[in-house]
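Novice: Structure file data.cif (mmCIF, C-alpha atoms and all ligand atoms) right here:
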```cif
data_final
#
loop_
_atom_site.label_atom_id
_atom_site.label_comp_id
_atom_site.auth_asym_id
_atom_site.auth_seq_id
_atom_site.Cartn_x
_atom_site.Cartn_y
_atom_site.Cartn_z
CA MET A 64 -32.77 0.85 24.31
CA ILE A 65 -31.35 0.54 20.79
CA GLU A 66 -32.09 3.65 18.68
CA GLU A 67 -31.71 3.70 14.90
CA THR A 68 -30.67 7.35 14.81
CA THR A 69 -28.07 6.76 17.54
CA ILE A 70 -26.48 4.11 15.32
CA THR A 71 -26.40 6.60 12.44
CA ARG A 72 -25.06 9.43 14.63
CA ALA A 73 -22.33 7.22 16.14
CA ILE A 74 -21.08 6.10 12.71
CA ALA A 75 -21.16 9.57 11.12
CA GLU A 76 -19.53 11.27 14.14
CA LYS A 77 -16.79 8.69 14.64
CA TYR A 78 -15.92 8.45 10.92
CA MET A 79 -15.66 12.23 10.65
CA GLU A 80 -13.52 12.33 13.80
CA LYS A 81 -11.10 9.82 12.22
CA PHE A 82 -11.09 11.65 8.88
CA LEU A 83 -10.41 15.10 10.41
CA GLU A 84 -7.80 13.68 12.77
CA ASN A 85 -5.90 12.39 9.70
CA LEU A 86 -6.42 15.35 7.39
CA GLU A 87 -2.78 16.22 8.05
CA CYS A 88 -0.52 13.27 8.71
CA ASP A 89 3.09 12.14 8.37
CA VAL A 90 2.68 9.47 5.70
CA CYS A 91 -0.09 8.69 3.22
CA ILE A 92 0.05 5.20 1.74
CA VAL A 93 -1.89 4.59 -1.46
CA GLY A 94 -3.01 0.97 -1.84
CA GLY A 95 -3.75 -1.72 0.73
CA GLY A 96 -2.04 -4.74 -0.84
CA PRO A 97 0.85 -6.59 0.88
CA SER A 98 3.49 -3.89 0.38
CA GLY A 99 1.21 -1.04 1.50
CA LEU A 100 -0.03 -2.92 4.56
CA VAL A 101 3.48 -3.93 5.65
CA SER A 102 4.76 -0.36 5.27
CA ALA A 103 1.72 0.93 7.22
CA TYR A 104 2.43 -1.58 9.97
CA TYR A 105 6.13 -0.66 10.43
CA LEU A 106 5.60 3.10 10.08
CA ALA A 107 2.67 3.20 12.52
CA LYS A 108 4.62 1.03 14.95
CA ARG A 109 7.45 3.57 14.85
CA GLY A 110 5.01 6.26 15.93
CA PHE A 111 4.33 8.01 12.61
CA LYS A 112 0.84 9.23 11.89
CA VAL A 113 -0.10 7.02 8.94
CA SER A 114 -3.16 7.03 6.66
CA LEU A 115 -3.74 4.32 4.09
CA PHE A 116 -6.20 4.82 1.22
CA GLU A 117 -7.64 1.82 -0.64
CA LYS A 118 -10.05 2.22 -3.52
CA LYS A 119 -11.72 -1.17 -3.12
CA LEU A 120 -14.12 -2.37 -0.42
CA SER A 121 -11.62 -4.83 1.03
CA LEU A 122 -7.91 -4.49 1.63
CA GLY A 123 -5.38 -7.18 0.78
CA GLY A 124 -4.88 -6.43 -2.92
CA GLY A 125 -3.62 -9.41 -4.85
CA ILE A 126 -3.19 -11.71 -1.85
CA TRP A 127 -6.68 -13.25 -1.54
CA GLY A 128 -6.65 -15.25 -4.78
CA GLY A 129 -3.20 -16.80 -4.16
CA GLY A 130 -1.84 -18.25 -7.40
CA MET A 131 -4.54 -18.68 -10.06
CA MET A 132 -7.24 -18.75 -7.33
CA PHE A 133 -5.50 -21.52 -5.33
CA ASN A 134 -5.53 -19.53 -2.10
CA LYS A 135 -1.99 -20.28 -1.00
CA VAL A 136 1.08 -18.13 -1.65
CA VAL A 137 4.79 -18.76 -1.40
CA VAL A 138 7.20 -16.71 0.71
CA GLN A 139 10.93 -17.36 0.52
CA ASN A 140 13.11 -17.89 3.60
CA ASN A 141 14.64 -14.38 3.72
CA ALA A 142 11.22 -12.76 4.23
CA LEU A 143 10.04 -14.95 7.11
CA GLU A 144 11.14 -12.24 9.57
CA VAL A 145 8.25 -10.04 8.44
CA LEU A 146 5.76 -12.88 8.94
CA ASN A 147 7.22 -13.50 12.39
CA ASP A 148 6.91 -9.79 13.27
CA VAL A 149 3.18 -9.81 12.53
CA GLY A 150 2.51 -13.36 13.78
CA ILE A 151 1.48 -15.02 10.51
CA GLY A 152 2.04 -18.78 10.23
CA TYR A 153 3.83 -20.65 7.42
CA GLU A 154 4.75 -24.17 6.40
CA LYS A 155 8.18 -25.21 5.14
CA TYR A 156 8.13 -26.63 1.59
CA ASP A 157 11.90 -26.82 1.14
CA ASP A 158 14.87 -24.78 2.41
CA THR A 159 13.95 -21.79 0.22
CA HIS A 160 10.16 -21.96 -0.25
CA TYR A 161 7.56 -21.63 2.50
CA VAL A 162 3.80 -21.78 1.97
CA VAL A 163 1.41 -19.29 3.56
CA ASP A 164 -2.38 -19.41 3.60
CA ALA A 165 -3.54 -16.43 1.52
CA ILE A 166 -6.51 -15.74 3.79
CA GLU A 167 -4.33 -15.69 6.90
CA LEU A 168 -1.78 -13.46 5.14
CA ALA A 169 -4.36 -10.91 3.95
CA SER A 170 -6.36 -10.77 7.17
CA GLY A 171 -3.22 -10.86 9.35
CA LEU A 172 -1.55 -7.95 7.55
CA ILE A 173 -4.75 -5.88 7.67
CA TYR A 174 -5.24 -6.59 11.39
CA SER A 175 -1.58 -5.82 12.20
CA ALA A 176 -1.64 -2.48 10.36
CA VAL A 177 -4.85 -1.43 12.14
CA LYS A 178 -3.60 -2.56 15.55
CA ALA A 179 -0.27 -0.75 15.03
CA GLY A 180 -2.31 2.46 14.69
CA ALA A 181 -2.56 3.13 10.95
CA ALA A 182 -5.79 4.90 9.95
CA ILE A 183 -7.32 2.94 7.08
CA PHE A 184 -9.76 4.46 4.62
CA ASN A 185 -11.26 2.02 2.15
CA LEU A 186 -13.56 2.91 -0.77
CA ILE A 187 -11.46 6.00 -1.50
CA ASN A 188 -9.68 6.47 -4.80
CA VAL A 189 -6.55 8.62 -5.01
CA GLU A 190 -7.04 10.54 -8.22
CA ASP A 191 -4.35 13.21 -8.06
CA VAL A 192 -1.53 14.63 -5.94
CA MET A 193 -0.68 18.05 -4.51
CA ILE A 194 2.73 19.39 -5.50
CA LYS A 195 4.28 22.60 -4.19
CA GLU A 196 7.78 23.79 -5.08
CA ASP A 197 8.73 20.48 -6.69
CA ARG A 198 7.68 18.36 -3.73
CA ILE A 199 4.65 16.17 -3.18
CA THR A 200 2.63 17.61 -0.29
CA GLY A 201 -0.54 15.52 -0.27
CA LEU A 202 -3.22 13.57 -2.09
CA VAL A 203 -6.40 14.41 -3.93
CA ILE A 204 -9.11 11.90 -3.04
CA ASN A 205 -12.66 11.02 -3.93
CA TRP A 206 -15.09 8.19 -3.22
CA THR A 207 -14.56 5.21 -5.54
CA ALA A 208 -18.35 5.21 -5.97
CA VAL A 209 -18.13 8.72 -7.46
CA GLU A 210 -15.52 7.59 -9.98
CA MET A 211 -17.60 4.49 -10.86
CA SER A 212 -20.82 6.43 -11.30
CA GLY A 213 -19.18 9.06 -13.49
CA LEU A 214 -20.81 11.87 -11.50
CA HIS A 215 -19.11 15.25 -11.79
CA ILE A 216 -18.22 15.75 -8.13
CA ASP A 217 -14.98 17.49 -7.17
CA PRO A 218 -12.48 15.74 -4.91
CA MET A 219 -11.00 16.82 -1.55
CA THR A 220 -7.44 16.75 -0.20
CA VAL A 221 -5.25 15.38 2.58
CA ALA A 222 -1.78 16.72 3.44
CA CYS A 223 1.29 14.72 4.40
CA LYS A 224 5.09 14.81 4.54
CA ALA A 225 5.56 11.64 2.45
CA VAL A 226 3.47 9.57 0.04
CA VAL A 227 4.02 5.86 -0.61
CA ASP A 228 2.80 4.50 -3.96
CA ALA A 229 1.75 0.93 -3.12
CA THR A 230 -0.79 0.62 -5.93
CA GLY A 231 0.63 -2.59 -7.39
CA HIS A 232 0.91 -3.19 -11.15
CA ASP A 233 -0.87 0.14 -11.83
CA ALA A 234 1.75 2.39 -10.17
CA SER A 235 -1.06 4.92 -10.36
CA VAL A 236 0.48 7.67 -8.23
CA CYS A 237 3.77 7.48 -10.15
CA HIS A 238 1.82 7.68 -13.43
CA ILE A 239 0.10 10.86 -12.23
CA VAL A 240 3.40 12.45 -11.17
CA ALA A 241 5.07 11.40 -14.43
CA ARG A 242 2.26 12.89 -16.50
CA LYS A 243 2.01 16.13 -14.56
CA THR A 244 5.65 16.97 -13.81
CA GLU A 245 7.60 15.28 -16.61
CA LYS A 246 10.25 14.59 -13.95
CA LEU A 247 9.59 10.87 -13.66
CA ASN A 248 9.70 8.22 -16.38
CA LEU A 249 8.02 4.84 -16.05
CA ALA A 250 9.85 2.05 -17.85
CA GLY A 251 6.94 -0.46 -17.54
CA GLU A 252 6.87 -3.93 -15.97
CA LYS A 253 8.71 -6.74 -17.81
CA TYR A 254 8.34 -10.54 -18.28
CA MET A 255 8.26 -13.20 -15.51
CA TRP A 256 11.56 -14.08 -13.81
CA ALA A 257 10.88 -14.74 -10.14
CA GLU A 258 14.43 -14.92 -8.75
CA LYS A 259 15.56 -11.72 -10.46
CA ALA A 260 12.31 -9.83 -9.81
CA GLU A 261 12.26 -10.58 -6.08
CA LYS A 262 15.75 -9.17 -5.55
CA ALA A 263 15.42 -6.24 -7.94
CA ILE A 264 12.13 -4.97 -6.49
CA VAL A 265 13.55 -4.73 -2.99
CA GLU A 266 16.77 -3.12 -4.30
CA HIS A 267 14.86 -0.51 -6.33
CA THR A 268 12.36 0.37 -3.58
CA SER A 269 13.14 4.08 -3.25
CA GLU A 270 12.12 7.73 -3.29
CA VAL A 271 11.32 8.47 -6.95
CA TYR A 272 10.34 12.13 -6.70
CA PRO A 273 10.74 14.46 -3.68
CA GLY A 274 8.36 13.08 -1.05
CA LEU A 275 7.13 10.19 -3.23
CA PHE A 276 8.28 6.66 -2.40
CA VAL A 277 7.50 3.51 -4.35
CA THR A 278 7.02 -0.05 -3.04
CA GLY A 279 5.76 -3.46 -4.22
CA MET A 280 4.83 -4.16 -7.85
CA SER A 281 4.81 -0.43 -8.59
CA VAL A 282 8.60 -0.58 -8.31
CA ALA A 283 8.67 -2.97 -11.30
CA ALA A 284 6.46 -0.59 -13.31
CA VAL A 285 8.72 2.39 -12.57
CA TYR A 286 12.07 0.69 -13.12
CA GLY A 287 11.18 -1.82 -15.87
CA LEU A 288 11.77 -4.91 -13.71
CA PRO A 289 10.48 -8.45 -14.27
CA ARG A 290 7.47 -9.91 -12.44
CA MET A 291 7.49 -12.90 -10.11
CA GLY A 292 4.03 -14.50 -9.90
CA PRO A 293 2.55 -15.64 -6.58
CA ILE A 294 5.68 -15.39 -4.41
CA PHE A 295 5.23 -12.57 -1.88
CA GLY A 296 8.53 -12.23 0.02
CA GLY A 297 9.65 -9.34 -2.18
CA MET A 298 6.41 -7.46 -1.48
CA LEU A 299 6.85 -7.88 2.28
CA LEU A 300 10.53 -6.88 2.20
CA SER A 301 9.83 -3.94 -0.10
CA GLY A 302 7.11 -2.74 2.32
CA ARG A 303 9.55 -3.01 5.21
CA LYS A 304 12.30 -1.24 3.26
CA VAL A 305 10.08 1.67 2.25
CA ALA A 306 9.15 2.12 5.92
CA GLU A 307 12.89 2.38 6.71
CA LEU A 308 13.47 4.90 3.89
CA VAL A 309 10.55 7.08 4.99
CA THR A 310 11.78 6.89 8.58
CA GLU A 311 15.25 8.09 7.51
CA LYS A 312 13.74 10.91 5.49
CA LEU A 313 11.30 12.14 8.14
CA GLY A 314 13.68 11.54 11.02
C1 LIG B 401 -6.49 3.85 -3.97
C2 LIG B 401 -5.57 2.11 -5.18
C3 LIG B 401 -5.35 2.96 -6.28
C4 LIG B 401 -5.74 4.33 -6.15
C5 LIG B 401 -4.67 1.00 -6.85
O1 LIG B 401 -1.89 -5.01 -6.29
P1 LIG B 401 -1.53 -4.99 -4.85
O2 LIG B 401 -1.65 -6.26 -4.10
O3 LIG B 401 -0.04 -4.36 -4.75
P2 LIG B 401 1.34 -4.82 -4.06
O4 LIG B 401 2.40 -4.20 -4.86
O5 LIG B 401 1.33 -4.56 -2.61
O6 LIG B 401 1.37 -6.39 -4.26
C6 LIG B 401 1.41 -6.93 -5.52
C7 LIG B 401 0.89 -8.38 -5.50
O7 LIG B 401 -0.44 -8.42 -5.05
C8 LIG B 401 0.99 -8.91 -6.89
O8 LIG B 401 0.14 -8.55 -7.71
C9 LIG B 401 2.10 -9.72 -7.28
C10 LIG B 401 3.12 -10.16 -6.32
N1 LIG B 401 2.16 -10.02 -8.56
C11 LIG B 401 3.21 -10.71 -9.25
C12 LIG B 401 2.82 -10.94 -10.69
O9 LIG B 401 3.71 -11.47 -11.43
O10 LIG B 401 1.70 -10.61 -11.12
O11 LIG B 401 -2.40 -3.91 -4.10
C13 LIG B 401 -2.53 -2.61 -4.63
C14 LIG B 401 -3.77 -1.99 -4.03
C15 LIG B 401 -5.06 -2.64 -4.57
O12 LIG B 401 -5.83 -3.06 -3.49
C16 LIG B 401 -5.73 -1.53 -5.37
O13 LIG B 401 -7.14 -1.57 -5.29
C17 LIG B 401 -5.16 -0.29 -4.71
O14 LIG B 401 -3.82 -0.63 -4.43
N2 LIG B 401 -5.14 0.90 -5.57
N3 LIG B 401 -6.13 2.53 -4.05
N4 LIG B 401 -6.30 4.73 -4.98
N5 LIG B 401 -5.56 5.20 -7.15
N6 LIG B 401 -4.79 2.24 -7.30
FE FE2 B 402 0.29 -9.59 -9.69
#
```
I need this file expressed as structure tokens, please.
Specialist:
Amino acid sequence: MIEETTITRAIAEKYMEKFLENLECDVCIVGGGPSGLVSAYYLAKRGFKVSLFEKKLSLGGGIWGGGMMFNKVVVQNNALEVLNDVGIGYEKYDDTHYVVDAIELASGLIYSAVKAGAAIFNLINVEDVMIKEDRITGLVINWTAVEMSGLHIDPMTVACKAVVDATGHDASVCHIVARKTEKLNLAGEKYMWAEKAEKAIVEHTSEVYPGLFVTGMSVAAVYGLPRMGPIFGGMLLSGRKVAELVTEKLG
């Protein structure tokens, strides 16, 4: 027989189990857009204990709306490998440009990250970081609903060996570290130049402070790189590269 309180108990128990299991993990990823999801996928697949925090209800970041709400995005030929790895389809437009359905891309990346074993926590805002002896050691988190309501409720913490800032244009984790340590300077994102931006973002994907890595559009905000509009290959390749860098660092 279906019992209302059993439904409640099952949800509360299983959520808490997942939360406590991930209180200490290898990698915390902040932001569930394309770069964060791709890095979660590759890191979890390699066997790292990965938690991803997303402040919104749904993951996918800037993918869903495609370009100007036309829900298609473009991915260039050198990033097709990532789509093949996660089984997302694409259509050739010309030798360089391939078109991907934005809904398939968002849902496919989310599904792949979950199935690879990443623990995903939506509706949680990362509002601060923990730093000990000049190294980032974890995140300070609170419910997005608490931030939106303006209630004075203190946050809680999760510990990890590496943090990935995948917060997109905001580069919110890097901003926090810059403000609180004065050991990181953010140059600010520049004008649109797709060709240059796509290459530069992947090249500059890196560790920007001990234990803090940056991927996706946040890389442009940190290094003062141009933007590229609705072409997503750079985001996918940056997510894959940050997974490689974290792997090298953690061994
Ligand atoms: C928890 C947070 C916090 C926080 C933000 O914007 P995104 O899609 O980021 P990327 O870098 O993976 O992809 C960028 C791409 O979508 C894009 O905008 C492109 C290619 N633009 C080109 C152009 O010219 O404009 O996702 C970031 C995610 C979002 O879902 C945020 O809600 C989330 O991070 N987020 N989550 N705590 N403090 N800040
Ligand atoms: Fe954008």
Novice: Got a sec to check which residues lie within 7 Å of ligand LIG 401 (chain B), using only C-alpha atoms and all ligand atoms, and send them as an MDAnalysis selection string?
Specialist: chainID A and resid 93:99 116:119 122:126 187:190 229:233 235:236 255 278:281 290:295 298
Novice: From the options A:Val271, A:Leu214, A:Met219, A:Val101, which residue's atoms come nearest to A:Leu168, counting all atoms listed in the file?
Specialist: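 Using all atoms listed in the file, A:Leu168 sits closest to A:Val101.
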Novice: Have a look at A:Asp191, A:Glu252, A:Glu266, A:Glu87 and name the one nearest to ligand FE2 402 (chain B); count all atoms listed in the file.
Specialist: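 Result for the nearest residue to ligand FE2 402 (chain B): A:Glu252.
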Novice: Using only C-alpha atoms and all ligand atoms, which of A:Leu308, A:Leu249, A:Val203, A:Val136 sits nearest ligand FE2 402 (chain B)?
Specialist: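 Of A:Leu308, A:Leu249, A:Val203, A:Val136, the one nearest ligand FE2 402 (chain B) is A:Val136, counting only C-alpha atoms and all ligand atoms.
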Novice: Between A:Leu115, A:Val277, A:Val145, A:Val90, which has the minimum distance to A:Ala234 (counting only C-alpha atoms)?
Specialist: A:Val277
Novice: Interatomic distance between atom CA of A:Val285 and atom CA of A:Asp197?
Specialist: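 One can read the atom CA of A:Val285 to atom CA of A:Asp197 distance as 19.0 Å.
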Novice: Restricting the calculation to only C-alpha atoms and all ligand atoms: of A:Phe111, A:Tyr286, A:Tyr174, A:Tyr254, which residue gets closest to ligand FE2 402 (chain B)?
Specialist: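 Result for the nearest residue to ligand FE2 402 (chain B): A:Tyr254.
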Novice: Counting all atoms listed in the file, which residue out of A:Val113, A:Glu196, A:Lys224, A:Ala257 sits closest to ligand FE2 402 (chain B)?
Specialist: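 The answer is A:Ala257, which sits nearest to ligand FE2 402 (chain B).
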Novice: Excluding A:Ile173 and any residue of its chain fewer than 2 positions from it, enumerate the residues within 8 Å of it, using all atoms listed in the file, and give them as a list in words.
Specialist: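 Result of the neighbour search: Leu100, Leu122, Gly123, Ala169, Ser170, Gly171, Ser175, Ala176 and Val177 of chain A.
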Novice: Give the padded box for stretch 256-261 of chain A as lines of an AutoDock Vina configuration file: axis-aligned, covering all atoms listed in the file, 3 Å on each side, centre and edge lengths in Å to one decimal.
Specialist:
```
center_x = 13.2
center_y = -12.4
center_z = -9.9
size_x = 10.7
size_y = 11.1
size_z = 13.7
```
Novice: Would you pick out the contacts of A:Asn85 at 8 Å or less, using all atoms listed in the file, so that residues sharing its chain but fewer than 3 positions from it are not included, and give the list as JSON, numbers by chain?
Specialist: {"A": [81, 82, 88, 112, 113, 114, 182, 221]}
Novice: Show me as a PDB file with C-alpha atoms, keeping the file's coordinate frame the residues that reach within 10 Å of (-0.7, 16.7, 1.3), counting all atoms listed in the file and using the file's own coordinates.
Specialist:
```
ATOM      1  CA  LEU A  86      -6.420  15.350   7.390  1.00  0.00           C
ATOM      2  CA  GLU A  87      -2.780  16.220   8.050  1.00  0.00           C
ATOM      3  CA  CYS A  88      -0.520  13.270   8.710  1.00  0.00           C
ATOM      4  CA  ASP A  89       3.090  12.140   8.370  1.00  0.00           C
ATOM      5  CA  VAL A  90       2.680   9.470   5.700  1.00  0.00           C
ATOM      6  CA  CYS A  91      -0.090   8.690   3.220  1.00  0.00           C
ATOM      7  CA  VAL A 192      -1.530  14.630  -5.940  1.00  0.00           C
ATOM      8  CA  MET A 193      -0.680  18.050  -4.510  1.00  0.00           C
ATOM      9  CA  ILE A 194       2.730  19.390  -5.500  1.00  0.00           C
ATOM     10  CA  LYS A 195       4.280  22.600  -4.190  1.00  0.00           C
ATOM     11  CA  ARG A 198       7.680  18.360  -3.730  1.00  0.00           C
ATOM     12  CA  ILE A 199       4.650  16.170  -3.180  1.00  0.00           C
ATOM     13  CA  THR A 200       2.630  17.610  -0.290  1.00  0.00           C
ATOM     14  CA  GLY A 201      -0.540  15.520  -0.270  1.00  0.00           C
ATOM     15  CA  LEU A 202      -3.220  13.570  -2.090  1.00  0.00           C
ATOM     16  CA  VAL A 203      -6.400  14.410  -3.930  1.00  0.00           C
ATOM     17  CA  THR A 220      -7.440  16.750  -0.200  1.00  0.00           C
ATOM     18  CA  VAL A 221      -5.250  15.380   2.580  1.00  0.00           C
ATOM     19  CA  ALA A 222      -1.780  16.720   3.440  1.00  0.00           C
ATOM     20  CA  CYS A 223       1.290  14.720   4.400  1.00  0.00           C
ATOM     21  CA  LYS A 224       5.090  14.810   4.540  1.00  0.00           C
ATOM     22  CA  ALA A 225       5.560  11.640   2.450  1.00  0.00           C
ATOM     23  CA  VAL A 226       3.470   9.570   0.040  1.00  0.00           C
TER      24      VAL A 226
END
```
Novice: What's the separation between atom CA of A:Ser301 and atom CA of A:Asp158, in Å to one decimal place?
Specialist: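 Atom-to-atom, atom CA of A:Ser301 to atom CA of A:Asp158, that is 21.6 Å.
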Novice: Could you tell me how far atom CA of A:Gly152 lies from atom CA of A:Lys259, in Å and to one decimal?
Specialist: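 Spanning atom CA of A:Gly152 to atom CA of A:Lys259 is a straight-line distance of 25.7 Å.
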